[in-house]
Amino acid sequence: MAKIIQSACPLNCWDSCGLNVTVENNKVIKVDGDPSHPITKGKICGRGRQLETRTNSSKRLLHPLKKINGQFEPITWEQALDEIAVKLIEIKEQYGTTAVLHSHDYANNGMLKNLDQRFFNAYGGVTELYGSLCWGAGIEAQKWDFGSAYSHEPADIFNSKNIIVWGRNVARTNMHFYEKLLEAKKRGANLYVIDPLFNATAKIADQHITVKPGMDGLLAAGIMKEILRLGLEDQCFIEQHTQGYKDLEGLLGSISLEKISEMTEVTEETITHLAKIYADKPTSTYMGLGLQRYRNGGNTIRLIDALVAVSGNIGIAGGGANYANLQVGQSFAFEELTLAGRKQNHRQFSIMKQAEEVLKAADPEIQMIIVTCGNPLTQVPDTYVVKEAFSSVKTLVVIEQYMTDTARMADYVLPTTTVFEEEDFYYSSMYHHYVNYGPKLVDPPGEAKSDLWIWTQLAEKLGFSDEFTFSRDQFLEMTLKPLAQHGITLAKLKEEHTVELPVAYIPWQDWKFETPSGKFEFTSSLKGDEGLLKLAVPDESRWANPALAEKYPYSLLTIHPMRSNHSQNYHLFALKPQLKVEIAENIAADLSLNNGDYVRVWNDRGEVKGFISIFANAHPDTINIDEGIWQEFGGSVNLLTSNKESDNGLGSTLYDCLVNLEKIN
Ligand SMILES: Nc1nc2c(c(=O)[nH]1)N[C@H]1C(S)=C(S)[C@@H](COP(=O)(O)OP(=O)(O)OC[C@H]3O[C@@H](n4cnc5c(=O)[nH]c(N)nc54)[C@H](O)[C@@H]3O)O[C@H]1N2
Ligand SMILES: Nc1nc2c(c(=O)[nH]1)N[C@H]1C(S)=C(S)[C@@H](COP(=O)(O)OP(=O)(O)OC[C@H]3O[C@@H](n4cnc5c(=O)[nH]c(N)nc54)[C@H](O)[C@@H]3O)O[C@H]1N2
Ligand code: SF4
Ligand SMILES: [Mo]
């Protein structure tokens with residue numbers, strides 16, 4: 001008999017939905033939304049529904065594989081784990097444990113996915129990645145300004161008179177926030193969308209403001225200039241709760257509004273209009289992650305934070321500089337779970353430049369890469385270099401559900417479970433603050449095993465099995481310890497399936513910031529001279545590099561796909577996916593291109609080919625190709641992107657990318 005069981009979406013996504021999963025005869029039949037979830041209320045997206053296909057697909061990896069003479073051969077788990085363990089022991093003895101690189105991302109939001117760190121720490125400490133391809137520049141920026149990156153609770157949007165969605169593709173990437181926007185509009189709020197693309201959220205906005213990609217920091221500076229000129233700033237907040245205001249005034253005085261309008265390609269009139277909207281409080285700002293994936297990404301977010309501060313929209317209902325919600329992750333204990341104190345050796349590579357670092361590494365050279373929850377061959381910038389690096393190491397181990405571009409390169413591929421085949425709980429530090437429980441619903445196919453099982457077996461072979469003699473429940477309980485005082489236990493989570501975490505609904509309401517000064521810092525006291533705000537521009541722009549802009553006149557965005565979570569769904573589509581090159585109308589006119597034309601897009605790093613789709617109302621000279629597409633379908637788009645880090649070192653510059661384009665046959 002079919003049964004419907006509550007579960008959770010594990011995907012790296014703003015929404016962290018509650019699911020209702022229909023199971024019959026040890027098989028997942030259907031994935032739906034859980035109507036009782038307080039935020040996601042029974043609605044889910046296509047990626048969530050596709051978890052059924054992700055679980056049942058005949059393309060699943062079913063057996064451990066070893067590459068022998070260039071071909072994958074199935075081997076037993078015993079052989080695979082024995083051989084990997086022997087290599088790990090030899091590497092430790094000969095080169096030291098940091099000769100192993102752990103390459104990962106966050107493809108699964110399960111708490112127990114963090115146990116990979118426990119394994120590597122107990123092994124002795126490997127080369128780890130720091131920074132984030134995703135949101136790194138902005139998180140660091142808000143740490144400098146506020147002390148941390150916190151968002152208002154979802155229902156607070158109904159207190160906003162004006163809502164600014166700044167570079168977040170809400171209708172596509174954050175569907176439950178989109179529903180809130182529709183409701184807020186119905187209740188009378190005005191919605192403004194600032195984005196180079198006329199996306200589905202822009203379509204419901206009262207006004208869509210297009211901006212030259214990467215120029216949002218300057219736009220924020222222009223809006224602040226106008227706020228000051230019109231005397232609309234919040235004097236009281238500035239005087240009592242901020243530091244570095246004089247520096248900010250100096251910076252704003254160093255550039256004219258005319259120049260800002262020229263550089264941002266936004267009219268002076270629009271900038272003045274936005275100044276009035278910010279002053280007509282409460283105005284909330286919801287930033288996306290796209291707008292900080294530039295060389296100047298840290299400064300961009302800091303200037304937007306400064307705008308929210310100057311206009312007095314911090315710590316008030318209906319306001320906020322909403323970017324991420326780190327309060328969620330901070331609710332749990334990680335020390336005991338990951339055994340951070342156990343590592344004896346330590347080396348870090350930036351996640352952006354991991355490939356370049358592998359190629360450069362000496363003392364010790366990288367002997368082995370182990371990949372978990374990531375597909376670097378499609379997702380990490382500068383794919384040529386990633387390919388070179390990942391094929392240069394002696395042993396590449398990839399723990400995967402599918403034969404991805406990265407898995408294809410591996411020496412060992414270890415088949416792992418999907419969400420419904422193991423127990424865990426799931427959360428996202430991006431939007432809402434509810435945690436969802438996901439029980440084990442079905443057995444994995446073939447010989448697929450959970451990541452935790454793999455770590456446990458390897459730990460035994462390496463002589464630290466004691467660190468893994470805990471049940472799943474015991475591991476989960478470890479992380480929930482700080483929540484016991486709030487009555488949140490594993491038993492409660494299992495019973496209720498979704499539990500609200502004790503976080504601030506309106507962050508910074510007491511205006512006590514987590515910065516060194518305790519104030520909002522226009523000039524960060526964490527960083528010396530580096531702490532001053534700057535009017536920075538993207539590296540690949542006519543302002544920073546006119547010669548490059550001459551050769552490559554178009555800005556390339558590679559935003560997140562509608563129907564796939566990054567690279568996870570393309571191979572499961574009924575129709576073979578194609579690479580779509582979306583271009584602004586002026587490019588189509590200049591190059592006489594029509595929908596469906598086959599084109600080559602290139603720069604000094606690489607090229608991809610695909611089919612034209614003309615994007616109405618996009619900012620001039622802007623191109624988009626959705627990210628995530630596999631090599632066999634025309635990818636990776638990261639053949640074109642740069643592995644440079646953002647200004648503050650912790651973010652990517654994936655959208656800071658100039659290209660050229662031509663029609664081919
Ligand atoms: N469908 C779907 N949803 C997803 C994901 C997915 O892969 N697919 N991934 C999830 C993950 S991991 C993340 S990080 C989030 C990301 O969520 P978002 O931040 O919404 O998505 P991105 O695709 O990173 O950024 C897209 C928006 O930023 C705009 N943008 C780009 N450059 C600029 C700029 O310079 N200025 C301004 N103002 N706007 C700019 C783009 O035009 C686009 O509208 O989405 C999550 N949700
Ligand atoms: N050009 C460009 N590049 C981008 C982006 C962009 O906007 N443009 N976005 C960036 C962003 S925001 C992010 S977050 C990253 C995402 O980068 P990744 O996290 O690397 O991308 P995914 O495709 O989500 O997942 C990678 C793999 O993890 C596997 N996986 C899923 N669950 C599990 C599990 O439980 N265990 C194991 N071992 N594996 C699992 C999946 O099968 C998948 O193949 O990409 C970044 N790259
Ligand atoms: S991918 Fe995001 S929106 Fe879709 S079901 Fe999962 S959590 Fe919900
Ligand atoms: Mo992300």
# chains A, B, ... in the order shown; residues from 1 in each chain; ligands from 1

$ residues_near_ligand --ligand "ligand 3" --cutoff "8 Å" --atoms "only C-alpha atoms and all ligand atoms" --output "PDB file with N, CA and C atoms, in the first residue's frame"
ATOM      1  N   ALA A   8      12.111  16.083   3.460  1.00  0.00           N
ATOM      2  CA  ALA A   8      12.679  17.421   3.283  1.00  0.00           C
ATOM      3  C   ALA A   8      13.475  17.474   2.005  1.00  0.00           C
ATOM      4  N   CYS A   9      13.478  18.625   1.358  1.00  0.00           N
ATOM      5  CA  CYS A   9      14.310  18.793   0.165  1.00  0.00           C
ATOM      6  C   CYS A   9      15.747  19.051   0.608  1.00  0.00           C
ATOM      7  N   PRO A  10      16.699  18.304   0.065  1.00  0.00           N
ATOM      8  CA  PRO A  10      18.094  18.458   0.485  1.00  0.00           C
ATOM      9  C   PRO A  10      18.875  19.456  -0.365  1.00  0.00           C
ATOM     10  N   LEU A  11      18.242  20.012  -1.416  1.00  0.00           N
ATOM     11  CA  LEU A  11      19.023  20.774  -2.394  1.00  0.00           C
ATOM     12  C   LEU A  11      19.478  22.116  -1.847  1.00  0.00           C
ATOM     13  N   ASN A  12      20.646  22.529  -2.328  1.00  0.00           N
ATOM     14  CA  ASN A  12      21.232  23.811  -1.979  1.00  0.00           C
ATOM     15  C   ASN A  12      20.351  24.883  -2.617  1.00  0.00           C
ATOM     16  N   CYS A  13      19.490  25.509  -1.820  1.00  0.00           N
ATOM     17  CA  CYS A  13      18.445  26.389  -2.337  1.00  0.00           C
ATOM     18  C   CYS A  13      18.005  27.309  -1.207  1.00  0.00           C
ATOM     19  N   TRP A  14      17.464  28.476  -1.564  1.00  0.00           N
ATOM     20  CA  TRP A  14      16.976  29.403  -0.532  1.00  0.00           C
ATOM     21  C   TRP A  14      15.871  28.763   0.316  1.00  0.00           C
ATOM     22  N   ASP A  15      15.037  27.908  -0.311  1.00  0.00           N
ATOM     23  CA  ASP A  15      13.710  27.635   0.242  1.00  0.00           C
ATOM     24  C   ASP A  15      13.611  26.520   1.274  1.00  0.00           C
ATOM     25  N   SER A  16      14.484  25.508   1.197  1.00  0.00           N
ATOM     26  CA  SER A  16      14.478  24.403   2.161  1.00  0.00           C
ATOM     27  C   SER A  16      13.049  23.904   2.439  1.00  0.00           C
ATOM     28  N   CYS A  17      12.437  23.323   1.419  1.00  0.00           N
ATOM     29  CA  CYS A  17      11.018  22.955   1.485  1.00  0.00           C
ATOM     30  C   CYS A  17      10.765  21.678   2.287  1.00  0.00           C
ATOM     31  N   GLY A  18       9.575  21.632   2.867  1.00  0.00           N
ATOM     32  CA  GLY A  18       9.069  20.391   3.445  1.00  0.00           C
ATOM     33  C   GLY A  18       8.424  19.580   2.329  1.00  0.00           C
ATOM     34  N   LEU A  19       8.642  18.262   2.327  1.00  0.00           N
ATOM     35  CA  LEU A  19       8.117  17.404   1.269  1.00  0.00           C
ATOM     36  C   LEU A  19       7.142  16.372   1.826  1.00  0.00           C
ATOM     37  N   GLY A  33       4.798  18.722  -2.183  1.00  0.00           N
ATOM     38  CA  GLY A  33       5.064  19.602  -1.057  1.00  0.00           C
ATOM     39  C   GLY A  33       4.288  19.154   0.175  1.00  0.00           C
ATOM     40  N   THR A  40       6.760  26.780   3.441  1.00  0.00           N
ATOM     41  CA  THR A  40       6.680  26.332   2.044  1.00  0.00           C
ATOM     42  C   THR A  40       5.300  25.771   1.690  1.00  0.00           C
ATOM     43  N   LYS A  43       3.879  23.827  -1.508  1.00  0.00           N
ATOM     44  CA  LYS A  43       4.301  24.120  -2.886  1.00  0.00           C
ATOM     45  C   LYS A  43       5.788  23.828  -3.037  1.00  0.00           C
ATOM     46  N   ILE A  44       6.143  23.150  -4.095  1.00  0.00           N
ATOM     47  CA  ILE A  44       7.560  22.908  -4.378  1.00  0.00           C
ATOM     48  C   ILE A  44       7.822  23.149  -5.862  1.00  0.00           C
ATOM     49  N   CYS A  45       9.103  23.161  -6.225  1.00  0.00           N
ATOM     50  CA  CYS A  45       9.455  23.432  -7.623  1.00  0.00           C
ATOM     51  C   CYS A  45       9.754  22.119  -8.348  1.00  0.00           C
ATOM     52  N   GLY A  46      10.013  22.241  -9.631  1.00  0.00           N
ATOM     53  CA  GLY A  46      10.310  21.086 -10.462  1.00  0.00           C
ATOM     54  C   GLY A  46      11.549  20.322 -10.012  1.00  0.00           C
ATOM     55  N   ARG A  47      12.525  21.058  -9.455  1.00  0.00           N
ATOM     56  CA  ARG A  47      13.743  20.376  -8.995  1.00  0.00           C
ATOM     57  C   ARG A  47      13.411  19.457  -7.826  1.00  0.00           C
ATOM     58  N   GLY A  48      12.495  19.919  -6.972  1.00  0.00           N
ATOM     59  CA  GLY A  48      12.054  19.084  -5.851  1.00  0.00           C
ATOM     60  C   GLY A  48      11.327  17.846  -6.353  1.00  0.00           C
ATOM     61  N   ARG A  49      10.412  18.053  -7.299  1.00  0.00           N
ATOM     62  CA  ARG A  49       9.673  16.906  -7.848  1.00  0.00           C
ATOM     63  C   ARG A  49      10.616  15.909  -8.516  1.00  0.00           C
ATOM     64  N   THR A 173      14.616  31.273  -8.360  1.00  0.00           N
ATOM     65  CA  THR A 173      15.514  30.630  -7.375  1.00  0.00           C
ATOM     66  C   THR A 173      14.955  30.570  -5.958  1.00  0.00           C
ATOM     67  N   ASN A 174      13.893  31.313  -5.669  1.00  0.00           N
ATOM     68  CA  ASN A 174      13.453  31.484  -4.273  1.00  0.00           C
ATOM     69  C   ASN A 174      11.919  31.596  -4.276  1.00  0.00           C
ATOM     70  N   MET A 175      11.246  30.507  -4.720  1.00  0.00           N
ATOM     71  CA  MET A 175       9.825  30.582  -5.071  1.00  0.00           C
ATOM     72  C   MET A 175       8.910  30.999  -3.926  1.00  0.00           C
ATOM     73  N   HIS A 176       9.269  30.675  -2.691  1.00  0.00           N
ATOM     74  CA  HIS A 176       8.365  31.049  -1.595  1.00  0.00           C
ATOM     75  C   HIS A 176       8.490  32.521  -1.229  1.00  0.00           C
ATOM     76  N   ASN A 565      19.025  22.228 -10.404  1.00  0.00           N
ATOM     77  CA  ASN A 565      19.840  22.829  -9.360  1.00  0.00           C
ATOM     78  C   ASN A 565      21.278  22.638  -9.814  1.00  0.00           C
TER      79      ASN A 565
END

$ residues_near_ligand --ligand "ligand 4" --cutoff "8 Å" --atoms "only C-alpha atoms and all ligand atoms" --output "number ranges by chain"
A: 12-13, 106, 133-135, 289

$ write_last_selection --atoms "all heavy atoms" --output "PDB file, in the first residue's frame"
ATOM      1  N   ASN A  12      20.646  22.529  -2.328  1.00  0.00           N
ATOM      2  CA  ASN A  12      21.232  23.811  -1.979  1.00  0.00           C
ATOM      3  C   ASN A  12      20.351  24.883  -2.617  1.00  0.00           C
ATOM      4  O   ASN A  12      20.434  25.145  -3.804  1.00  0.00           O
ATOM      5  CB  ASN A  12      22.657  23.826  -2.549  1.00  0.00           C
ATOM      6  CG  ASN A  12      23.426  25.074  -2.195  1.00  0.00           C
ATOM      7  OD1 ASN A  12      22.915  25.967  -1.518  1.00  0.00           O
ATOM      8  ND2 ASN A  12      24.664  25.132  -2.640  1.00  0.00           N
ATOM      9  N   CYS A  13      19.490  25.509  -1.820  1.00  0.00           N
ATOM     10  CA  CYS A  13      18.445  26.389  -2.337  1.00  0.00           C
ATOM     11  C   CYS A  13      18.005  27.309  -1.207  1.00  0.00           C
ATOM     12  O   CYS A  13      18.127  26.964  -0.051  1.00  0.00           O
ATOM     13  CB  CYS A  13      17.278  25.524  -2.822  1.00  0.00           C
ATOM     14  SG  CYS A  13      15.837  26.448  -3.376  1.00  0.00           S
ATOM     15  N   TYR A 106      28.383  22.309  -1.667  1.00  0.00           N
ATOM     16  CA  TYR A 106      27.308  22.040  -0.716  1.00  0.00           C
ATOM     17  C   TYR A 106      26.062  21.539  -1.425  1.00  0.00           C
ATOM     18  O   TYR A 106      24.976  22.091  -1.264  1.00  0.00           O
ATOM     19  CB  TYR A 106      27.032  23.286   0.127  1.00  0.00           C
ATOM     20  CG  TYR A 106      28.224  23.616   0.991  1.00  0.00           C
ATOM     21  CD1 TYR A 106      29.187  24.517   0.579  1.00  0.00           C
ATOM     22  CD2 TYR A 106      28.413  22.949   2.200  1.00  0.00           C
ATOM     23  CE1 TYR A 106      30.308  24.776   1.354  1.00  0.00           C
ATOM     24  CE2 TYR A 106      29.526  23.200   2.984  1.00  0.00           C
ATOM     25  CZ  TYR A 106      30.470  24.120   2.554  1.00  0.00           C
ATOM     26  OH  TYR A 106      31.576  24.349   3.330  1.00  0.00           O
ATOM     27  N   LEU A 133      32.191  29.903  -3.901  1.00  0.00           N
ATOM     28  CA  LEU A 133      31.831  30.308  -5.263  1.00  0.00           C
ATOM     29  C   LEU A 133      30.503  31.038  -5.255  1.00  0.00           C
ATOM     30  O   LEU A 133      30.189  31.818  -6.139  1.00  0.00           O
ATOM     31  CB  LEU A 133      31.676  29.066  -6.154  1.00  0.00           C
ATOM     32  CG  LEU A 133      32.906  28.198  -6.351  1.00  0.00           C
ATOM     33  CD1 LEU A 133      32.508  26.883  -7.006  1.00  0.00           C
ATOM     34  CD2 LEU A 133      33.928  28.934  -7.202  1.00  0.00           C
ATOM     35  N   CYS A 134      29.728  30.754  -4.248  1.00  0.00           N
ATOM     36  CA  CYS A 134      28.328  31.117  -4.183  1.00  0.00           C
ATOM     37  C   CYS A 134      28.117  32.517  -3.612  1.00  0.00           C
ATOM     38  O   CYS A 134      27.719  33.426  -4.315  1.00  0.00           O
ATOM     39  CB  CYS A 134      27.656  30.044  -3.335  1.00  0.00           C
ATOM     40  SG  CYS A 134      25.948  30.313  -2.940  1.00  0.00           S
ATOM     41  N   TRP A 135      28.424  32.696  -2.327  1.00  0.00           N
ATOM     42  CA  TRP A 135      28.037  33.927  -1.626  1.00  0.00           C
ATOM     43  C   TRP A 135      29.176  34.559  -0.830  1.00  0.00           C
ATOM     44  O   TRP A 135      28.957  35.455  -0.031  1.00  0.00           O
ATOM     45  CB  TRP A 135      26.851  33.629  -0.701  1.00  0.00           C
ATOM     46  CG  TRP A 135      27.134  32.639   0.417  1.00  0.00           C
ATOM     47  CD1 TRP A 135      28.314  31.982   0.654  1.00  0.00           C
ATOM     48  CD2 TRP A 135      26.240  32.221   1.446  1.00  0.00           C
ATOM     49  NE1 TRP A 135      28.200  31.173   1.754  1.00  0.00           N
ATOM     50  CE2 TRP A 135      26.927  31.293   2.266  1.00  0.00           C
ATOM     51  CE3 TRP A 135      24.917  32.530   1.761  1.00  0.00           C
ATOM     52  CZ2 TRP A 135      26.334  30.675   3.374  1.00  0.00           C
ATOM     53  CZ3 TRP A 135      24.340  31.905   2.868  1.00  0.00           C
ATOM     54  CH2 TRP A 135      25.039  30.995   3.649  1.00  0.00           C
ATOM     55  N   LEU A 289      22.580  36.767  -4.876  1.00  0.00           N
ATOM     56  CA  LEU A 289      23.994  36.423  -4.822  1.00  0.00           C
ATOM     57  C   LEU A 289      24.684  36.725  -6.146  1.00  0.00           C
ATOM     58  O   LEU A 289      25.893  36.856  -6.210  1.00  0.00           O
ATOM     59  CB  LEU A 289      24.152  34.954  -4.429  1.00  0.00           C
ATOM     60  CG  LEU A 289      23.295  34.533  -3.207  1.00  0.00           C
ATOM     61  CD1 LEU A 289      23.554  33.091  -2.848  1.00  0.00           C
ATOM     62  CD2 LEU A 289      23.532  35.421  -2.019  1.00  0.00           C
TER      63      LEU A 289
END

$ closest_residue --among "A:Ser7, A:Thr338, A:Asn296, A:Gln243" --to "ligand 1" --atoms "only C-alpha atoms and all ligand atoms"
A:Asn296

$ closest_residue --among "A:His152, A:His273, A:Arg172, A:Lys41" --to "ligand 1" --atoms "only C-alpha atoms and all ligand atoms"
A:Arg172

$ closest_atom_pairs --of "chain A" --to "ligand 2" --cutoff "6 Å" --atoms "only C-alpha atoms and all ligand atoms" --output "tab-separated table"
residue	atom	partner	partner_atom_place_in_ligand_line	distance
A:Asp105	CA	ligand 2	19 (O)	4.4
A:Tyr106	CA	ligand 2	19 (O)	4.8
A:Ala107	CA	ligand 2	19 (O)	4.0
A:Asn108	CA	ligand 2	32 (N)	4.8
A:Leu133	CA	ligand 2	10 (C)	5.1
A:Cys134	CA	ligand 2	12 (S)	3.4
A:Thr372	CA	ligand 2	38 (N)	4.1
A:Cys373	CA	ligand 2	39 (N)	3.5
A:Gly374	CA	ligand 2	20 (O)	3.3
A:Asn375	CA	ligand 2	20 (O)	3.9
A:Pro376	CA	ligand 2	20 (O)	5.4
A:Gln379	CA	ligand 2	47 (N)	4.0
A:Val380	CA	ligand 2	47 (N)	5.5
A:Ile399	CA	ligand 2	38 (N)	4.4
A:Glu400	CA	ligand 2	39 (N)	4.6
A:Gln401	CA	ligand 2	42 (O)	5.0
A:Tyr402	CA	ligand 2	42 (O)	5.6
A:Thr404	CA	ligand 2	44 (O)	5.8
A:Thr418	CA	ligand 2	35 (O)	5.9
A:Thr558	CA	ligand 2	8 (N)	4.6
A:Ile559	CA	ligand 2	7 (O)	4.6
A:His560	CA	ligand 2	7 (O)	5.3
A:Asn565	CA	ligand 2	24 (O)	5.6
A:His566	CA	ligand 2	23 (O)	4.2
A:Ser567	CA	ligand 2	23 (O)	3.5
A:Gln568	CA	ligand 2	23 (O)	4.4
A:Glu627	CA	ligand 2	8 (N)	4.9
A:Val637	CA	ligand 2	1 (N)	5.7
A:Asn638	CA	ligand 2	1 (N)	4.9
A:Leu654	CA	ligand 2	1 (N)	5.4

$ residues_around --residues "A:Ser613" --least-positions-apart "4" --cutoff "6 Å" --atoms "only C-alpha atoms" --output "PyMOL selection string"
chain A and resi 581-582+595

$ closest_residue --among "A:Ala448, A:Leu230, A:Leu182, A:Val537" --to "ligand 1" --atoms "only C-alpha atoms and all ligand atoms"
A:Val537

$ select_by_dssp --residues "stretch 415-556 of chain A" --states "alpha helix (DSSP H)" --output "ChimeraX atom specification"
/A:451-462,472-480,490-496,546-551

$ write_last_selection --atoms "N, CA, C and O atoms" --output "tab-separated table (two decimals), in the first residue's frame"
chain	number	residue	atom	x	y	z
A	451	ASP	N	27.26	8.46	2.23
A	451	ASP	CA	28.59	9.04	2.48
A	451	ASP	C	29.06	8.62	3.88
A	451	ASP	O	30.23	8.28	4.05
A	452	LEU	N	28.16	8.65	4.86
A	452	LEU	CA	28.55	8.31	6.23
A	452	LEU	C	29.07	6.87	6.32
A	452	LEU	O	30.07	6.60	7.00
A	453	TRP	N	28.42	5.96	5.63
A	453	TRP	CA	28.89	4.56	5.63
A	453	TRP	C	30.31	4.50	5.06
A	453	TRP	O	31.18	3.83	5.60
A	454	ILE	N	30.55	5.25	4.00
A	454	ILE	CA	31.88	5.23	3.37
A	454	ILE	C	32.94	5.75	4.34
A	454	ILE	O	33.98	5.13	4.53
A	455	TRP	N	32.63	6.87	5.03
A	455	TRP	CA	33.61	7.41	6.00
A	455	TRP	C	33.85	6.41	7.11
A	455	TRP	O	34.98	6.23	7.58
A	456	THR	N	32.77	5.76	7.56
A	456	THR	CA	32.89	4.82	8.68
A	456	THR	C	33.81	3.65	8.31
A	456	THR	O	34.69	3.26	9.08
A	457	GLN	N	33.59	3.13	7.09
A	457	GLN	CA	34.42	2.00	6.64
A	457	GLN	C	35.88	2.43	6.49
A	457	GLN	O	36.80	1.71	6.91
A	458	LEU	N	36.09	3.57	5.89
A	458	LEU	CA	37.48	4.03	5.70
A	458	LEU	C	38.15	4.31	7.04
A	458	LEU	O	39.33	4.00	7.23
A	459	ALA	N	37.38	4.88	7.99
A	459	ALA	CA	37.94	5.18	9.31
A	459	ALA	C	38.42	3.90	9.98
A	459	ALA	O	39.49	3.86	10.61
A	460	GLU	N	37.66	2.85	9.80
A	460	GLU	CA	38.04	1.56	10.40
A	460	GLU	C	39.35	1.07	9.79
A	460	GLU	O	40.26	0.66	10.50
A	461	LYS	N	39.45	1.17	8.48
A	461	LYS	CA	40.66	0.69	7.81
A	461	LYS	C	41.88	1.55	8.14
A	461	LYS	O	43.02	1.10	8.05
A	462	LEU	N	41.63	2.79	8.52
A	462	LEU	CA	42.74	3.70	8.83
A	462	LEU	C	43.04	3.76	10.32
A	462	LEU	O	43.91	4.51	10.75
A	472	ARG	N	23.47	7.38	13.74
A	472	ARG	CA	23.01	8.63	13.11
A	472	ARG	C	22.34	9.53	14.14
A	472	ARG	O	22.57	10.73	14.18
A	473	ASP	N	21.50	8.91	14.98
A	473	ASP	CA	20.81	9.71	16.00
A	473	ASP	C	21.81	10.40	16.93
A	473	ASP	O	21.63	11.56	17.28
A	474	GLN	N	22.85	9.67	17.30
A	474	GLN	CA	23.83	10.27	18.21
A	474	GLN	C	24.55	11.45	17.54
A	474	GLN	O	24.76	12.49	18.17
A	475	PHE	N	24.90	11.28	16.29
A	475	PHE	CA	25.53	12.39	15.57
A	475	PHE	C	24.56	13.58	15.48
A	475	PHE	O	24.95	14.73	15.71
A	476	LEU	N	23.31	13.30	15.15
A	476	LEU	CA	22.34	14.39	15.02
A	476	LEU	C	22.14	15.09	16.36
A	476	LEU	O	22.05	16.33	16.43
A	477	GLU	N	22.09	14.30	17.43
A	477	GLU	CA	21.91	14.89	18.77
A	477	GLU	C	23.07	15.81	19.14
A	477	GLU	O	22.87	16.85	19.77
A	478	MET	N	24.29	15.41	18.75
A	478	MET	CA	25.46	16.25	19.04
A	478	MET	C	25.25	17.67	18.55
A	478	MET	O	25.59	18.64	19.20
A	479	THR	N	24.67	17.78	17.34
A	479	THR	CA	24.56	19.11	16.72
A	479	THR	C	23.41	19.91	17.31
A	479	THR	O	23.37	21.13	17.17
A	480	LEU	N	22.48	19.21	17.97
A	480	LEU	CA	21.30	19.90	18.51
A	480	LEU	C	21.48	20.33	19.96
A	480	LEU	O	20.60	21.00	20.52
A	490	LEU	N	16.08	16.06	19.20
A	490	LEU	CA	15.88	15.21	18.03
A	490	LEU	C	14.49	14.56	18.09
A	490	LEU	O	13.81	14.45	17.06
A	491	ALA	N	14.07	14.17	19.29
A	491	ALA	CA	12.75	13.53	19.44
A	491	ALA	C	11.65	14.49	18.95
A	491	ALA	O	10.74	14.09	18.22
A	492	LYS	N	11.76	15.74	19.35
A	492	LYS	CA	10.76	16.73	18.92
A	492	LYS	C	10.79	16.91	17.40
A	492	LYS	O	9.74	16.96	16.74
A	493	LEU	N	12.00	16.99	16.86
A	493	LEU	CA	12.14	17.18	15.41
A	493	LEU	C	11.55	16.00	14.65
A	493	LEU	O	10.85	16.17	13.64
A	494	LYS	N	11.80	14.78	15.16
A	494	LYS	CA	11.25	13.60	14.48
A	494	LYS	C	9.73	13.60	14.56
A	494	LYS	O	9.05	13.22	13.60
A	495	GLU	N	9.21	14.04	15.69
A	495	GLU	CA	7.77	14.02	15.85
A	495	GLU	C	7.10	15.12	15.02
A	495	GLU	O	6.10	14.88	14.35
A	496	GLU	N	7.69	16.30	15.04
A	496	GLU	CA	7.02	17.44	14.39
A	496	GLU	C	7.48	17.68	12.95
A	496	GLU	O	6.88	18.46	12.22
A	546	PRO	N	40.10	48.84	-20.68
A	546	PRO	CA	39.51	49.25	-21.96
A	546	PRO	C	39.93	48.36	-23.13
A	546	PRO	O	39.12	48.07	-24.01
A	547	ALA	N	41.17	47.88	-23.13
A	547	ALA	CA	41.65	47.05	-24.25
A	547	ALA	C	40.86	45.75	-24.29
A	547	ALA	O	40.43	45.29	-25.36
A	548	LEU	N	40.65	45.16	-23.13
A	548	LEU	CA	39.89	43.90	-23.07
A	548	LEU	C	38.44	44.13	-23.52
A	548	LEU	O	37.86	43.32	-24.25
A	549	ALA	N	37.88	45.26	-23.09
A	549	ALA	CA	36.48	45.57	-23.44
A	549	ALA	C	36.32	45.83	-24.94
A	549	ALA	O	35.25	45.62	-25.51
A	550	GLU	N	37.39	46.28	-25.55
A	550	GLU	CA	37.38	46.49	-27.00
A	550	GLU	C	37.32	45.13	-27.72
A	550	GLU	O	36.55	44.93	-28.64
A	551	LYS	N	38.14	44.20	-27.21
A	551	LYS	CA	38.24	42.87	-27.82
A	551	LYS	C	37.00	42.03	-27.51
A	551	LYS	O	36.52	41.28	-28.36

$ closest_residue --among "A:Thr283, A:Ser652, A:Ser311, A:Thr201" --to "A:Ile223" --atoms "only C-alpha atoms"
A:Ser311

$ closest_residue --among "A:Met352, A:Ala309, A:Ile277, A:Val193" --to "A:Cys236" --atoms "only C-alpha atoms"
A:Ala309

$ select_by_dssp --residues "stretch 89-157 of chain A" --states "strand (DSSP E)" --output "list in words"
Val100, Leu101, His102, Ser103, His104, Thr127, Glu128, Leu129 and Tyr130 of chain A

$ closest_residue --among "A:Ile139, A:Leu359, A:Val170, A:Leu557" --to "A:Ala200" --atoms "only C-alpha atoms"
A:Val170

$ atom_distance --atom1 "atom CA of A:Ala220" --atom2 "atom CA of A:Arg293"
16.7 Å

$ residues_around --residues "A:Ile304" --least-positions-apart "2" --cutoff "9 Å" --atoms "only C-alpha atoms" --output "ChimeraX atom specification"
/A:216-217,219-221,285,287,299-302,306-309,321
